[in-house]
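*Asks:* If it helps, the file is called upload_13.cif and holds mmCIF, C-alpha atoms:
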data_final
loop_
_atom_site.label_atom_id
_atom_site.label_comp_id
_atom_site.auth_asym_id
_atom_site.auth_seq_id
_atom_site.Cartn_x
_atom_site.Cartn_y
_atom_site.Cartn_z
CA MET O 1 199.48 -12.84 238.92
CA THR O 2 202.62 -11.20 237.45
CA ASP O 3 202.86 -8.16 235.23
CA THR O 4 203.79 -10.55 232.39
CA ASP O 5 200.48 -12.36 232.86
CA VAL O 6 198.61 -9.04 232.87
CA ARG O 7 200.46 -7.87 229.75
CA SER O 8 199.34 -10.95 227.80
CA GLN O 9 195.72 -10.13 228.72
CA THR O 10 195.85 -6.40 227.95
CA ALA O 11 194.87 -4.52 224.78
CA ALA O 12 195.18 -0.83 223.94
CA VAL O 13 192.51 1.60 222.73
CA ILE O 14 193.75 4.85 221.17
CA PRO O 15 191.07 7.39 220.20
CA ALA O 16 192.40 9.70 217.50
CA TYR O 17 191.28 12.78 215.61
CA GLN O 18 193.41 14.73 213.13
CA ASP O 19 196.63 13.25 214.58
CA GLU O 20 198.50 12.15 211.48
CA LYS O 21 201.68 13.78 212.81
CA HIS O 22 201.92 11.68 215.98
CA ILE O 23 199.78 8.55 215.58
CA GLY O 24 202.31 6.40 213.72
CA ASP O 25 204.98 6.89 216.37
CA ILE O 26 202.51 6.33 219.22
CA VAL O 27 201.24 3.09 217.65
CA ARG O 28 204.73 1.71 217.03
CA ARG O 29 205.81 2.43 220.59
CA THR O 30 202.57 1.01 222.02
CA ARG O 31 202.98 -2.20 220.02
CA LYS O 32 206.37 -2.70 221.64
CA GLN O 33 204.45 -2.93 224.94
CA LEU O 34 201.25 -4.71 223.87
CA GLU O 35 200.41 -7.08 221.06
CA ARG O 36 196.84 -5.82 220.59
CA VAL O 37 196.34 -2.18 219.60
CA VAL O 38 193.25 -0.60 218.07
CA VAL O 39 193.03 3.00 216.90
CA VAL O 40 189.58 4.57 216.54
CA ASP O 41 189.79 7.37 213.99
CA ASP O 42 186.96 9.69 214.98
CA GLY O 43 186.15 11.17 211.58
CA SER O 44 189.57 12.62 210.72
CA THR O 45 190.03 14.25 207.31
CA ASP O 46 193.81 13.80 207.29
CA GLN O 47 195.94 10.64 207.09
CA THR O 48 195.41 9.55 210.72
CA ALA O 49 193.82 6.19 209.83
CA GLN O 50 196.42 5.27 207.19
CA ARG O 51 199.37 6.23 209.39
CA ALA O 52 197.94 4.07 212.19
CA ARG O 53 197.51 1.08 209.83
CA ASP O 54 201.02 1.51 208.46
CA ALA O 55 202.34 1.39 212.04
CA GLY O 56 200.59 -1.93 212.71
CA ALA O 57 197.37 -1.02 214.52
CA GLU O 58 193.90 -2.32 213.85
CA VAL O 59 191.89 0.71 212.77
CA ILE O 60 188.19 1.51 213.10
CA VAL O 61 186.96 4.66 211.35
CA HIS O 62 183.94 6.76 212.32
CA ASP O 63 182.37 8.31 209.22
CA GLN O 64 182.06 11.61 211.08
CA ASN O 65 183.39 13.11 214.28
CA GLN O 66 181.39 11.85 217.26
CA GLY O 67 183.63 12.87 220.15
CA LYS O 68 186.32 11.26 222.28
CA GLY O 69 183.81 9.41 224.45
CA GLU O 70 182.22 7.68 221.47
CA ALA O 71 185.65 6.77 220.07
CA ILE O 72 186.62 5.14 223.36
CA LYS O 73 183.34 3.23 223.52
CA THR O 74 183.88 1.94 219.98
CA GLY O 75 187.34 0.69 220.98
CA LEU O 76 186.06 -0.97 224.15
CA ALA O 77 183.29 -2.71 222.23
CA HIS O 78 185.89 -3.93 219.73
CA TRP O 79 187.85 -5.79 222.41
CA PHE O 80 185.02 -6.85 224.68
CA GLY O 81 182.05 -7.35 222.39
CA ALA O 82 178.82 -5.45 222.80
CA ALA O 83 177.35 -4.33 226.11
CA ASN O 84 177.97 -7.76 227.68
CA PRO O 85 181.70 -8.60 227.75
CA SER O 86 180.95 -12.30 228.22
CA ALA O 87 178.87 -12.42 225.04
CA GLU O 88 180.14 -13.50 221.65
CA GLY O 89 182.31 -10.97 219.91
CA GLY O 90 185.41 -9.20 221.09
CA ASP O 91 188.53 -11.04 222.17
CA GLY O 92 188.06 -13.57 224.96
CA HIS O 93 191.75 -13.40 225.84
CA VAL O 94 191.56 -9.71 226.78
CA ALA O 95 190.88 -8.98 230.45
CA TRP O 96 192.27 -5.42 230.64
CA THR O 97 192.41 -2.41 228.36
CA ILE O 98 194.78 0.54 228.36
CA LEU O 99 193.42 3.89 227.14
CA LEU O 100 195.95 6.44 225.92
CA ASP O 101 195.86 9.55 223.77
CA SER O 102 197.14 9.74 220.22
CA ASP O 103 198.96 13.07 220.39
CA GLY O 104 202.09 12.16 222.33
CA GLN O 105 200.94 13.36 225.75
CA HIS O 106 201.12 9.81 227.12
CA LEU O 107 204.35 7.84 226.92
CA PRO O 108 203.62 4.26 225.78
CA GLU O 109 206.75 3.15 227.63
CA GLU O 110 204.91 3.90 230.88
CA ILE O 111 202.32 1.20 230.18
CA ASP O 112 204.61 -0.96 232.34
CA ARG O 113 203.62 1.14 235.37
CA PHE O 114 199.96 0.27 234.87
CA LEU O 115 200.70 -3.42 234.33
CA LEU O 116 202.70 -3.60 237.56
CA ALA O 117 199.92 -1.87 239.47
CA ALA O 118 197.25 -4.18 238.04
CA ALA O 119 199.29 -7.28 238.91
CA SER O 120 199.13 -6.45 242.61
CA VAL O 121 195.47 -5.50 243.16
CA THR O 122 193.11 -7.63 245.24
CA ARG O 123 189.90 -5.62 244.77
CA PRO O 124 188.11 -4.02 241.77
CA THR O 125 190.31 -1.13 240.69
CA PHE O 126 190.23 1.59 238.04
CA PHE O 127 193.72 2.90 237.22
CA ILE O 128 194.36 6.49 236.11
CA GLY O 129 197.55 8.36 235.36
CA ASN O 130 198.69 11.13 237.69
CA ARG O 131 200.82 14.05 236.44
CA MET O 132 200.43 16.15 239.58
CA GLY O 133 203.78 15.07 240.98
CA ASP O 134 205.40 16.66 237.91
CA VAL O 135 203.52 19.98 237.66
CA ALA O 136 206.52 22.15 236.76
CA ARG O 137 206.03 21.15 233.12
CA MET O 138 202.27 21.76 233.17
CA PRO O 139 201.06 25.16 231.90
CA PHE O 140 199.88 27.28 234.84
CA VAL O 141 196.28 27.69 233.67
CA ARG O 142 195.89 23.95 233.06
CA ARG O 143 197.36 23.24 236.48
CA VAL O 144 194.84 25.50 238.22
CA VAL O 145 191.88 24.20 236.21
CA ASN O 146 192.93 20.59 236.70
CA ARG O 147 193.24 20.99 240.47
CA TYR O 148 189.84 22.66 240.70
CA MET O 149 188.10 20.02 238.56
CA SER O 150 189.88 17.18 240.34
CA ASN O 151 188.74 18.47 243.73
CA GLN O 152 185.14 18.75 242.54
CA ILE O 153 185.11 15.31 240.94
CA SER O 154 186.86 13.71 243.94
CA ARG O 155 184.04 14.94 246.19
CA VAL O 156 181.40 13.41 243.92
CA CYS O 157 183.36 10.15 243.67
CA GLY O 158 183.96 9.97 247.43
CA GLN O 159 187.68 9.34 247.02
CA LYS O 160 190.77 11.40 246.27
CA ILE O 161 191.73 11.49 242.58
CA PRO O 162 194.59 13.97 242.03
CA ASP O 163 194.43 14.13 238.20
CA THR O 164 190.88 13.44 237.02
CA GLN O 165 191.51 15.01 233.60
CA ASN O 166 194.11 12.40 232.73
CA GLY O 167 193.12 10.17 229.82
CA TYR O 168 195.83 7.55 230.47
CA ARG O 169 193.81 4.74 232.09
CA MET O 170 193.50 1.00 232.60
CA LEU O 171 190.16 -0.80 233.00
CA HIS O 172 189.14 -4.39 233.74
CA ARG O 173 186.59 -6.12 231.51
CA GLU O 174 184.09 -6.42 234.38
CA LEU O 175 183.61 -2.65 234.27
CA ILE O 176 183.18 -2.40 230.49
CA PRO O 177 179.35 -2.72 230.27
CA ASP O 178 179.03 0.36 232.48
CA MET O 179 181.62 2.21 230.40
CA LEU O 180 179.60 1.85 227.18
CA GLY O 181 177.15 4.52 228.35
CA GLY O 182 177.90 8.02 229.59
CA GLY O 183 179.06 11.16 227.79
CA HIS O 184 179.98 11.48 224.15
CA ARG O 185 182.88 13.91 224.25
CA PHE O 186 185.41 15.03 226.86
CA ASP O 187 182.78 14.75 229.61
CA TYR O 188 183.09 10.98 229.16
CA ASP O 189 186.40 10.95 231.05
CA THR O 190 184.75 12.53 234.09
CA GLU O 191 181.62 10.42 234.00
CA ALA O 192 183.66 7.21 233.75
CA LEU O 193 185.29 7.98 237.11
CA ILE O 194 181.95 8.68 238.77
CA ILE O 195 180.39 5.50 237.40
CA ALA O 196 183.37 3.38 238.51
CA SER O 197 183.32 4.91 242.00
CA ARG O 198 179.60 4.25 242.42
CA LYS O 199 180.15 0.66 241.32
CA GLY O 200 182.54 0.25 244.25
CA TYR O 201 185.81 0.53 242.33
CA GLN O 202 188.89 1.95 243.96
CA ILE O 203 190.42 4.68 241.78
CA GLU O 204 194.19 4.16 241.97
CA SER O 205 196.57 6.78 240.61
CA VAL O 206 199.65 5.72 238.65
CA PRO O 207 202.44 8.35 238.46
CA ILE O 208 203.25 9.29 234.87
CA THR O 209 205.41 11.89 233.14
CA THR O 210 203.94 15.27 232.25
CA VAL O 211 204.40 15.82 228.50
CA TYR O 212 203.38 18.88 226.52
CA THR O 213 204.69 18.96 222.97
CA ASP O 214 203.24 20.75 219.92
CA GLN O 215 199.76 19.27 220.15
CA VAL O 216 196.77 21.59 219.92
CA SER O 217 194.10 20.95 222.53
CA LYS O 218 190.82 19.67 221.10
CA ILE O 219 188.93 20.87 224.19
CA HIS O 220 186.49 23.75 223.59
CA PRO O 221 186.78 25.73 226.86
CA VAL O 222 183.28 27.25 227.05
CA ARG O 223 181.34 24.31 225.64
CA ASP O 224 183.19 21.68 227.63
CA ALA O 225 183.09 23.75 230.83
CA LEU O 226 179.30 23.95 230.51
CA ARG O 227 179.16 20.16 230.03
CA PHE O 228 181.31 19.69 233.12
CA PHE O 229 179.12 21.84 235.39
CA LYS O 230 175.95 20.22 234.02
CA LEU O 231 177.40 16.80 234.76
CA MET O 232 178.42 17.82 238.28
CA ARG O 233 174.95 19.16 239.03
CA ARG O 234 173.32 15.96 237.81
CA TYR O 235 175.47 13.64 239.90
CA LYS O 236 175.40 15.84 242.99
CA ALA O 237 171.60 15.82 242.78
CA VAL O 238 171.54 12.03 242.45
CA GLY O 239 173.93 11.63 245.39
CA SER O 240 172.10 14.03 247.69
#
Take the structure I supplied and represent it as structure tokens, if you would.

*Replies:*
Amino acid sequence: MTDTDVRSQTAAVIPAYQDEKHIGDIVRRTRKQLERVVVVDDGSTDQTAQRARDAGAEVIVHDQNQGKGEAIKTGLAHWFGAANPSAEGGDGHVAWTILLDSDGQHLPEEIDRFLLAAASVTRPTFFIGNRMGDVARMPFVRRVVNRYMSNQISRVCGQKIPDTQNGYRMLHRELIPDMLGGGHRFDYDTEALIIASRKGYQIESVPITTVYTDQVSKIHPVRDALRFFKLMRRYKAVGS
């Protein structure tokens, strides 16, 4: 299979919250790479949804903020139907989905890197972006926290994942039923890696550019740190 074949079978999911400043540009650039793009507006009170529509995306709106994990699950269900991707609903032509953030941290032009990687795999694979080869642009505190969390999560997953906090990802439809459970907010990104690993998926890192612009992090340090440690304890207990 070529990257052109993979491209024709790939759709994008962009979770968004209060990102009216960036979402239009991100959608337009993503649509240059992929024909199918859905934005899930997770209860924004600004013009995020309208800017995404104006840029050519399909848009699904949550009535209230439910968290990044729920927004991703809504987007996955849109392309692949309900919990069973072979059931009616969804788009039967879609075999892969790209997940990318709405705030400009992920360059849509680098979707090509994921498509090329997917075209060459011969076993079930979960693709994730890797910024750790470009750490000079990453704020020091984020670099330290990311390395610590990535080491912890890699141990639980049983394989090396250099940048576990990266939301730029590519998933095959066979994994989607398992991705419709898990966490509701930022802990979803971590739990998705653990679930995929325990299903026998290889986690393959795709080098991407480190981008930090004017976006404000939506992570709540104390609350999300507590969720992370709770999640780690649960999976370590299950694996022991």

*Asks:* Record the distance separating CA of Arg198 (chain O) and CA of Gly158 (chain O), expressed in Å with one decimal.

*Replies:*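 Between CA of Arg198 (chain O) and CA of Gly158 (chain O) the gap is 8.8 Å.
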
*Asks:* Out of O:Gln9, O:Phe127, O:Pro139, O:Asp19, which residue has the shortest atom-to-atom distance to Leu99 (chain O) when counting only C-alpha atoms?

*Replies:* O:Phe127

*Asks:* Grab the CA of Lys73 (chain O) to CA of Tyr17 (chain O) distance for me, in Å with one decimal place.

*Replies:*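 Between these atoms lies a distance of 14.7 Å.
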
*Asks:* The PyMOL selection byres ((chain O and resi 15) around 10) on the file shown: which residues, as a ChimeraX atom specification?

*Replies:* /O:12-14,16-17,19,23,38-42,60,67-75,99-103

*Asks:* How far is it from CA of Tyr201 (chain O) to CA of Asn151 (chain O), in Å with one decimal?

*Replies:* 18.2 Å

*Asks:* Within 8 Å of Gln64 (chain O), counting all atoms listed in the file, which residues qualify if same-chain residues fewer than 2 places away don't, as a list of chain:residue names?

*Replies:*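 Those residues are O:Asp42, O:Gly43, O:Ser44, O:His62, O:Gln66.
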
*Asks:* Would you mind exporting the chosen residues as an mmCIF file, in the coordinates of the input, restricted to C-alpha atoms?

*Replies:*
data_model
loop_
_atom_site.group_PDB
_atom_site.id
_atom_site.type_symbol
_atom_site.label_atom_id
_atom_site.label_comp_id
_atom_site.auth_asym_id
_atom_site.auth_seq_id
_atom_site.Cartn_x
_atom_site.Cartn_y
_atom_site.Cartn_z
ATOM 1 C CA ASP O 42 186.960 9.690 214.980
ATOM 2 C CA GLY O 43 186.150 11.170 211.580
ATOM 3 C CA SER O 44 189.570 12.620 210.720
ATOM 4 C CA HIS O 62 183.940 6.760 212.320
ATOM 5 C CA GLN O 66 181.390 11.850 217.260
#

*Asks:* Ranking O:Ile176, O:Trp79, O:His106, O:Ser154 by minimum distance to Ile26 (chain O) and counting all atoms listed in the file, which one comes first?

*Replies:*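 Looking only at the distances to Ile26 (chain O), the closest residue turns out to be O:His106.
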
*Asks:* Within 8 Å of region 30-32 of chain O, counting all atoms listed in the file, which residues show up once you throw out same-chain ones fewer than 4 positions away? Write them as JSON, numbers by chain, please.

*Replies:* {"O": [12, 26, 36, 37, 56, 57, 108, 109]}

*Asks:* Got a sec to resolve the PyMOL selection byres ((chain O and resi 170) around 7) on this structure and send the residues as a ChimeraX atom specification?

*Replies:* /O:96-99,114,126-128,169,171

*Asks:* Could you write out the selected residues, including C-alpha atoms, as a PDB file, keeping the file's coordinate frame?

*Replies:*
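Okay, this is what ended up in selection-v4.pdb:
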ATOM      1  CA  TRP O  96     192.270  -5.420 230.640  1.00  0.00           C
ATOM      2  CA  THR O  97     192.410  -2.410 228.360  1.00  0.00           C
ATOM      3  CA  ILE O  98     194.780   0.540 228.360  1.00  0.00           C
ATOM      4  CA  LEU O  99     193.420   3.890 227.140  1.00  0.00           C
ATOM      5  CA  PHE O 114     199.960   0.270 234.870  1.00  0.00           C
ATOM      6  CA  PHE O 126     190.230   1.590 238.040  1.00  0.00           C
ATOM      7  CA  PHE O 127     193.720   2.900 237.220  1.00  0.00           C
ATOM      8  CA  ILE O 128     194.360   6.490 236.110  1.00  0.00           C
ATOM      9  CA  ARG O 169     193.810   4.740 232.090  1.00  0.00           C
ATOM     10  CA  LEU O 171     190.160  -0.800 233.000  1.00  0.00           C
TER      11      LEU O 171
END

*Asks:* Which residue, O:Met1, O:Val156, O:Ala52, O:Met132, has the smallest gap to Arg28 (chain O) when you use all atoms listed in the file?

*Replies:*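 Distance minimum relative to Arg28 (chain O) lands on O:Ala52.
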
*Asks:* Go through O:Asp112, O:His93, O:Gln47, O:Val121 one by one, measure the shortest atom-to-atom distance of each to Ala11 (chain O) using all atoms listed in the file, and give the residue with the smallest value.

*Replies:*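 Between O:Asp112, O:His93, O:Gln47, O:Val121, the residue approaching Ala11 (chain O) most closely is O:His93.
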
*Asks:* Kindly resolve the PyMOL selection byres ((chain O and resi 195) around 10) on the present coordinates and return the residues as a list in words.

*Replies:*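 Here the PyMOL selection byres ((chain O and resi 195) around 10) matches Cys157, Leu175, Asp178, Met179, Gly181, Gly182, Thr190, Glu191, Ala192, Leu193, Ile194, Ala196, Ser197, Arg198, Lys199, Gly200, Tyr201 and Tyr235 of chain O.
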
*Asks:* Tell me which of O:Gly129, O:Arg173, O:Tyr168, O:Asp187 sits closest to Gly81 (chain O), counting only C-alpha atoms.

*Replies:*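 Among the listed residues, the smallest separation from Gly81 (chain O) belongs to O:Arg173.
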
*Asks:* May I have the protein, DNA and RNA residues with any atom at most 9 Å from the point (203.8, -3.1, 235.0), counting all atoms listed in the file, written as JSON, numbers by chain?

*Replies:* {"O": [2, 3, 4, 6, 7, 110, 111, 112, 113, 114, 115, 116, 117, 118, 119]}

*Asks:* Using all atoms listed in the file for the distances, tell me which of O:Asp63, O:Asp46, O:His172, O:Gln202 is nearest to Phe80 (chain O).

*Replies:*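 Smallest distance to Phe80 (chain O) is found for O:His172.
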
*Asks:* Extract, using all atoms listed in the file, all DNA, RNA and protein residues at most 8 Å from Gly24 (chain O), discarding same-chain residues fewer than 5 positions from it, and format them as a list in words.

*Replies:*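 These residues fall inside the cut-off: Arg51, Ala52, Asp54 and Ala55 of chain O.
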